[in-house]
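Engineer: The structure's right below; bear with me while I get my questions together.
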Amino acid sequence: ADTVQSAATGVNLSASTGSTGTWSTVVSLDTAVTAVNDRPTASGTTLAATAEDTADPAGAALSSLNFNYSDATDNQSPNGGNTATTLGGYAIVGNAATAAQGQWQYSTGGGWINVPTTASDSQAVVLPASASVRFLPAANFHGTPGALSLRLADTVQSAATGVNLSASTGSTGTWSTAVTLATSVTPVNDRPTASNASLAPIAEDTADPTGATLSTINFNYSDTTDNQNAITGGGN
């Protein structure tokens, strides 16, 4: 307008929009909303069980485990915005397994490496999307070992250790919230132990010795190797 206006609604301008009117021709006012990353989402999952005393478990590619990774919140392509990104990697930020249970291990193609029990958001083990993981059980352990805690990334990652993720774990960061990777170790029977014993002496010429039930003779029978209840998560 070329005259001073006051605020009002529902005003009919029809009589003053011509070439000699108060109002200009209609012009547009555009804007844009700049993208802010939304962290991806994921959920916990389980690595297939390993048999007790397995010396070299095969493990699995992390990409084969169903963490339900999604970056759908970032997908605004129907509205002319960004598209969602694919899974870029993993960060191990917790390891609850104890030495008595065994070792979580990871591989990026050059052999298996123990996951440190000190892994955290400030001391993360970062892995590419192609990495693998396994659980190597301690001798005779069976049951449920402590789980790993992981975050999933929406940008491509390279292998690194001792990485501080603290600045990128928020709602607009690269990393999902932490999720768990659990597993179990199935029992394999361990044979019991015993030692030699003696039956009580019998007098010469005894025609009908009483004998003894075998259960009363001390063979020092034990099946304690099969009992892992003393270890956290251990079975019996």
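Every chain in the structure tokens takes a letter, A first, then B, and so on in the order presented; its residues are numbered from 1, and the ligands are numbered from 1 following the presented order.
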Write out as an MDAnalysis selection string the residues lying within 6 Å of segment 67-70 of chain A, counting only C-alpha atoms and excluding same-chain residues fewer than 3 positions away.

Structural biologist: chainID A and resid 40:45

Engineer: Quick one: write out the picked residues with all heavy atoms as a PDB file, in the first residue's frame?

Structural biologist:
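The result, written out as selection35.pdb:
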```pdb
ATOM      1  N   PRO A  40      19.107 -41.477  13.842  1.00  0.00           N
ATOM      2  CA  PRO A  40      18.370 -42.674  13.430  1.00  0.00           C
ATOM      3  C   PRO A  40      17.801 -43.404  14.642  1.00  0.00           C
ATOM      4  O   PRO A  40      18.158 -43.103  15.789  1.00  0.00           O
ATOM      5  CB  PRO A  40      19.437 -43.515  12.726  1.00  0.00           C
ATOM      6  CG  PRO A  40      20.717 -43.105  13.392  1.00  0.00           C
ATOM      7  CD  PRO A  40      20.568 -41.646  13.699  1.00  0.00           C
ATOM      8  N   THR A  41      16.932 -44.332  14.379  1.00  0.00           N
ATOM      9  CA  THR A  41      16.365 -45.157  15.442  1.00  0.00           C
ATOM     10  C   THR A  41      16.810 -46.605  15.248  1.00  0.00           C
ATOM     11  O   THR A  41      17.147 -47.035  14.137  1.00  0.00           O
ATOM     12  CB  THR A  41      14.837 -45.092  15.456  1.00  0.00           C
ATOM     13  OG1 THR A  41      14.328 -45.558  14.182  1.00  0.00           O
ATOM     14  CG2 THR A  41      14.360 -43.664  15.690  1.00  0.00           C
ATOM     15  N   ALA A  42      16.819 -47.352  16.338  1.00  0.00           N
ATOM     16  CA  ALA A  42      17.211 -48.763  16.303  1.00  0.00           C
ATOM     17  C   ALA A  42      16.644 -49.442  17.531  1.00  0.00           C
ATOM     18  O   ALA A  42      16.181 -48.781  18.473  1.00  0.00           O
ATOM     19  CB  ALA A  42      18.739 -48.889  16.268  1.00  0.00           C
ATOM     20  N   SER A  43      16.666 -50.755  17.546  1.00  0.00           N
ATOM     21  CA  SER A  43      16.215 -51.516  18.711  1.00  0.00           C
ATOM     22  C   SER A  43      17.187 -52.661  18.953  1.00  0.00           C
ATOM     23  O   SER A  43      17.964 -53.044  18.073  1.00  0.00           O
ATOM     24  CB  SER A  43      14.800 -52.057  18.501  1.00  0.00           C
ATOM     25  OG  SER A  43      14.732 -52.885  17.346  1.00  0.00           O
ATOM     26  N   GLY A  44      17.144 -53.220  20.156  1.00  0.00           N
ATOM     27  CA  GLY A  44      18.052 -54.297  20.523  1.00  0.00           C
ATOM     28  C   GLY A  44      17.751 -55.587  19.783  1.00  0.00           C
ATOM     29  O   GLY A  44      16.647 -55.794  19.274  1.00  0.00           O
ATOM     30  N   THR A  45      18.740 -56.458  19.727  1.00  0.00           N
ATOM     31  CA  THR A  45      18.567 -57.733  19.049  1.00  0.00           C
ATOM     32  C   THR A  45      19.462 -58.784  19.704  1.00  0.00           C
ATOM     33  O   THR A  45      20.133 -58.509  20.700  1.00  0.00           O
ATOM     34  CB  THR A  45      18.863 -57.607  17.538  1.00  0.00           C
ATOM     35  OG1 THR A  45      18.432 -58.786  16.859  1.00  0.00           O
ATOM     36  CG2 THR A  45      20.346 -57.375  17.282  1.00  0.00           C
TER      37      THR A  45
END
```

Engineer: List every residue of chain A that DSSP, applied to the backbone of this structure, places in strand (DSSP E), and write the result as a PDB file with C-alpha atoms, in the first residue's frame.

Structural biologist:
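Listing of part_35.pdb after writing:
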```
ATOM      1  CA  THR A  45      18.567 -57.733  19.049  1.00  0.00           C
ATOM      2  CA  THR A  46      20.179 -61.120  19.743  1.00  0.00           C
ATOM      3  CA  THR A  50      27.051 -70.459  20.848  1.00  0.00           C
ATOM      4  CA  ALA A  51      27.636 -73.954  22.240  1.00  0.00           C
ATOM      5  CA  ALA A  60      27.908 -62.905  12.433  1.00  0.00           C
ATOM      6  CA  ALA A  61      28.103 -59.754  10.353  1.00  0.00           C
ATOM      7  CA  GLY A  89      28.314 -48.096  11.012  1.00  0.00           C
ATOM      8  CA  TYR A  90      28.240 -49.048  14.663  1.00  0.00           C
ATOM      9  CA  ALA A  91      29.752 -47.948  17.942  1.00  0.00           C
ATOM     10  CA  ILE A  92      30.184 -50.328  20.864  1.00  0.00           C
ATOM     11  CA  VAL A  93      29.599 -48.207  23.966  1.00  0.00           C
ATOM     12  CA  GLY A  94      29.242 -50.877  26.644  1.00  0.00           C
ATOM     13  CA  ASN A  95      30.353 -54.439  27.420  1.00  0.00           C
ATOM     14  CA  GLY A 102      33.936 -65.119  28.117  1.00  0.00           C
ATOM     15  CA  GLN A 103      34.809 -62.391  25.615  1.00  0.00           C
ATOM     16  CA  TRP A 104      32.835 -60.366  23.129  1.00  0.00           C
ATOM     17  CA  GLN A 105      34.997 -59.923  20.037  1.00  0.00           C
ATOM     18  CA  TYR A 106      34.769 -57.924  16.810  1.00  0.00           C
ATOM     19  CA  SER A 107      36.425 -58.204  13.417  1.00  0.00           C
ATOM     20  CA  ILE A 113      39.780 -58.490  18.711  1.00  0.00           C
ATOM     21  CA  ASN A 114      38.450 -58.442  22.277  1.00  0.00           C
ATOM     22  CA  ALA A 124      33.720 -46.149  22.003  1.00  0.00           C
ATOM     23  CA  VAL A 125      34.792 -48.849  19.572  1.00  0.00           C
ATOM     24  CA  VAL A 126      33.594 -47.532  16.202  1.00  0.00           C
ATOM     25  CA  LEU A 127      33.057 -50.085  13.440  1.00  0.00           C
ATOM     26  CA  PRO A 128      32.157 -49.892   9.746  1.00  0.00           C
ATOM     27  CA  SER A 132      31.394 -58.785  12.421  1.00  0.00           C
ATOM     28  CA  VAL A 133      30.927 -59.749  16.062  1.00  0.00           C
ATOM     29  CA  ARG A 134      30.985 -62.944  18.115  1.00  0.00           C
ATOM     30  CA  PHE A 135      31.001 -64.199  21.707  1.00  0.00           C
ATOM     31  CA  LEU A 136      33.847 -66.523  22.734  1.00  0.00           C
ATOM     32  CA  PRO A 137      32.740 -68.390  25.874  1.00  0.00           C
ATOM     33  CA  LEU A 148      26.949 -55.362  24.441  1.00  0.00           C
ATOM     34  CA  SER A 149      25.554 -51.836  24.138  1.00  0.00           C
ATOM     35  CA  LEU A 150      25.747 -50.296  20.663  1.00  0.00           C
ATOM     36  CA  ARG A 151      24.761 -47.163  18.807  1.00  0.00           C
ATOM     37  CA  LEU A 152      24.033 -47.114  15.058  1.00  0.00           C
ATOM     38  CA  ALA A 153      25.152 -44.282  12.760  1.00  0.00           C
ATOM     39  CA  ALA A 160      38.560 -46.693  15.404  1.00  0.00           C
ATOM     40  CA  THR A 161      38.912 -47.208  19.150  1.00  0.00           C
ATOM     41  CA  GLY A 162      38.740 -44.851  22.108  1.00  0.00           C
ATOM     42  CA  VAL A 163      36.385 -42.498  20.253  1.00  0.00           C
ATOM     43  CA  VAL A 179      20.589 -50.585  22.142  1.00  0.00           C
ATOM     44  CA  THR A 180      21.657 -54.016  23.372  1.00  0.00           C
ATOM     45  CA  LEU A 181      23.105 -57.027  21.613  1.00  0.00           C
ATOM     46  CA  ALA A 182      22.526 -60.134  23.718  1.00  0.00           C
ATOM     47  CA  VAL A 185      25.816 -70.098  25.496  1.00  0.00           C
ATOM     48  CA  THR A 186      24.059 -73.444  25.300  1.00  0.00           C
TER      49      THR A 186
END
```

Engineer: Write out as a ChimeraX atom specification which residues come within 12 Å of Asn229 of chain A when counting only C-alpha atoms, dropping same-chain ones fewer than 3 positions away.

Structural biologist: /A:100-101,140-144,224-226,232-236

Engineer: Identify, with DSSP run on backbone atoms, the residues in segment 43-112 of chain A assigned to helix (DSSP H, G or I), and express the list as a ChimeraX atom specification.

Structural biologist: /A:62-64,72-74,77-79

Engineer: Might you pull out every residue within 8 Å of segment 191-199 of chain A, with only C-alpha atoms counted and same-chain residues fewer than 5 positions away left off, and present them as an MDAnalysis selection string?

Structural biologist: chainID A and resid 211:212 217:225

Engineer: With N, CA, C and O atoms retained, export the selected residues as a short mmCIF file (atom, residue, chain, number, x, y, z; two decimals), in the first residue's frame.

Structural biologist:
```
data_model
loop_
_atom_site.label_atom_id
_atom_site.label_comp_id
_atom_site.auth_asym_id
_atom_site.auth_seq_id
_atom_site.Cartn_x
_atom_site.Cartn_y
_atom_site.Cartn_z
N GLY A 211 28.21 -107.43 51.96
CA GLY A 211 28.42 -106.49 50.86
C GLY A 211 27.99 -105.08 51.24
O GLY A 211 27.76 -104.77 52.42
N ALA A 212 27.86 -104.24 50.27
CA ALA A 212 27.47 -102.85 50.50
C ALA A 212 26.82 -102.29 49.25
O ALA A 212 27.15 -102.70 48.12
N ILE A 217 29.57 -96.22 49.14
CA ILE A 217 31.02 -96.25 48.95
C ILE A 217 31.47 -94.89 48.40
O ILE A 217 30.87 -94.36 47.46
N ASN A 218 32.52 -94.35 48.96
CA ASN A 218 32.94 -93.00 48.61
C ASN A 218 33.83 -92.99 47.36
O ASN A 218 35.05 -93.14 47.44
N PHE A 219 33.20 -92.81 46.22
CA PHE A 219 33.94 -92.67 44.96
C PHE A 219 34.30 -91.21 44.68
O PHE A 219 34.86 -90.91 43.63
N ASN A 220 33.95 -90.31 45.59
CA ASN A 220 34.18 -88.87 45.38
C ASN A 220 33.56 -88.38 44.07
O ASN A 220 34.16 -87.59 43.32
N TYR A 221 32.34 -88.86 43.81
CA TYR A 221 31.63 -88.43 42.60
C TYR A 221 31.38 -86.93 42.61
O TYR A 221 31.01 -86.35 43.63
N SER A 222 31.58 -86.31 41.45
CA SER A 222 31.29 -84.87 41.34
C SER A 222 30.89 -84.53 39.91
O SER A 222 31.45 -85.06 38.96
N ASP A 223 29.91 -83.64 39.80
CA ASP A 223 29.52 -83.11 38.49
C ASP A 223 29.54 -81.57 38.53
O ASP A 223 28.77 -80.90 37.86
N THR A 224 30.45 -81.03 39.31
CA THR A 224 30.49 -79.58 39.52
C THR A 224 30.83 -78.80 38.26
O THR A 224 30.47 -77.63 38.14
N THR A 225 31.51 -79.41 37.30
CA THR A 225 31.86 -78.67 36.07
C THR A 225 30.61 -78.24 35.32
O THR A 225 30.61 -77.20 34.65
#
```

Engineer: Determine the nearest neighbour of Val26 of chain A from the options A:Ala55, A:Ile202, A:Leu47, A:Ala1, counting only C-alpha atoms.

Structural biologist: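 Among the listed residues, A:Ala1 lies closest to Val26 of chain A.
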
Engineer: Which polymer residues have any atom within 8 Å of an atom of Ala129 of chain A, counting only C-alpha atoms, with same-chain residues fewer than 3 positions away left out, as a PyMOL selection string?

Structural biologist: chain A and resi 62-63+87-90+156-157

Engineer: Which residue, A:Trp175, A:Asp205, A:Thr108, A:Asn189, has the smallest gap to Ser158 of chain A when you use only C-alpha atoms?

Structural biologist: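 Checking each of A:Trp175, A:Asp205, A:Thr108, A:Asn189 against Ser158 of chain A, counting only C-alpha atoms, the winner is A:Thr108.
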
Engineer: List as a list in words the protein and nucleic acid residues near Thr174 of chain A, meaning an atom at most 6 Å away when only C-alpha atoms are counted, but skip any in the same chain fewer than 5 places from it.

Structural biologist: Arg39, Ala153, Asp154 and Ser168 of chain A

Engineer: I need the residues from that last selection saved to file as a CSV table (one decimal), in the first residue's frame (with N, CA, C and O atoms), if you can.

Structural biologist:
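Full text of again-v7.csv as output:
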```csv
chain,number,residue,atom,x,y,z
A,39,ARG,N,18.6,-38.0,14.5
A,39,ARG,CA,19.3,-39.2,14.7
A,39,ARG,C,18.5,-40.4,14.3
A,39,ARG,O,17.2,-40.4,14.4
A,153,ALA,N,24.9,-45.6,13.4
A,153,ALA,CA,25.2,-44.3,12.8
A,153,ALA,C,24.4,-44.1,11.4
A,153,ALA,O,24.3,-45.1,10.7
A,154,ASP,N,24.1,-42.9,11.1
A,154,ASP,CA,23.5,-42.6,9.8
A,154,ASP,C,24.5,-41.9,8.9
A,154,ASP,O,24.1,-41.4,7.8
A,168,SER,N,27.8,-36.1,19.8
A,168,SER,CA,27.0,-36.5,18.6
A,168,SER,C,26.0,-37.6,19.0
A,168,SER,O,25.6,-38.3,18.1
```

Engineer: What does the structure give for the distance between atom CA of Gly109 of chain A and atom CA of Gly59 of chain A, in Å to one decimal?

Structural biologist: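 Between atom CA of Gly109 of chain A and atom CA of Gly59 of chain A the gap is 12.5 Å.
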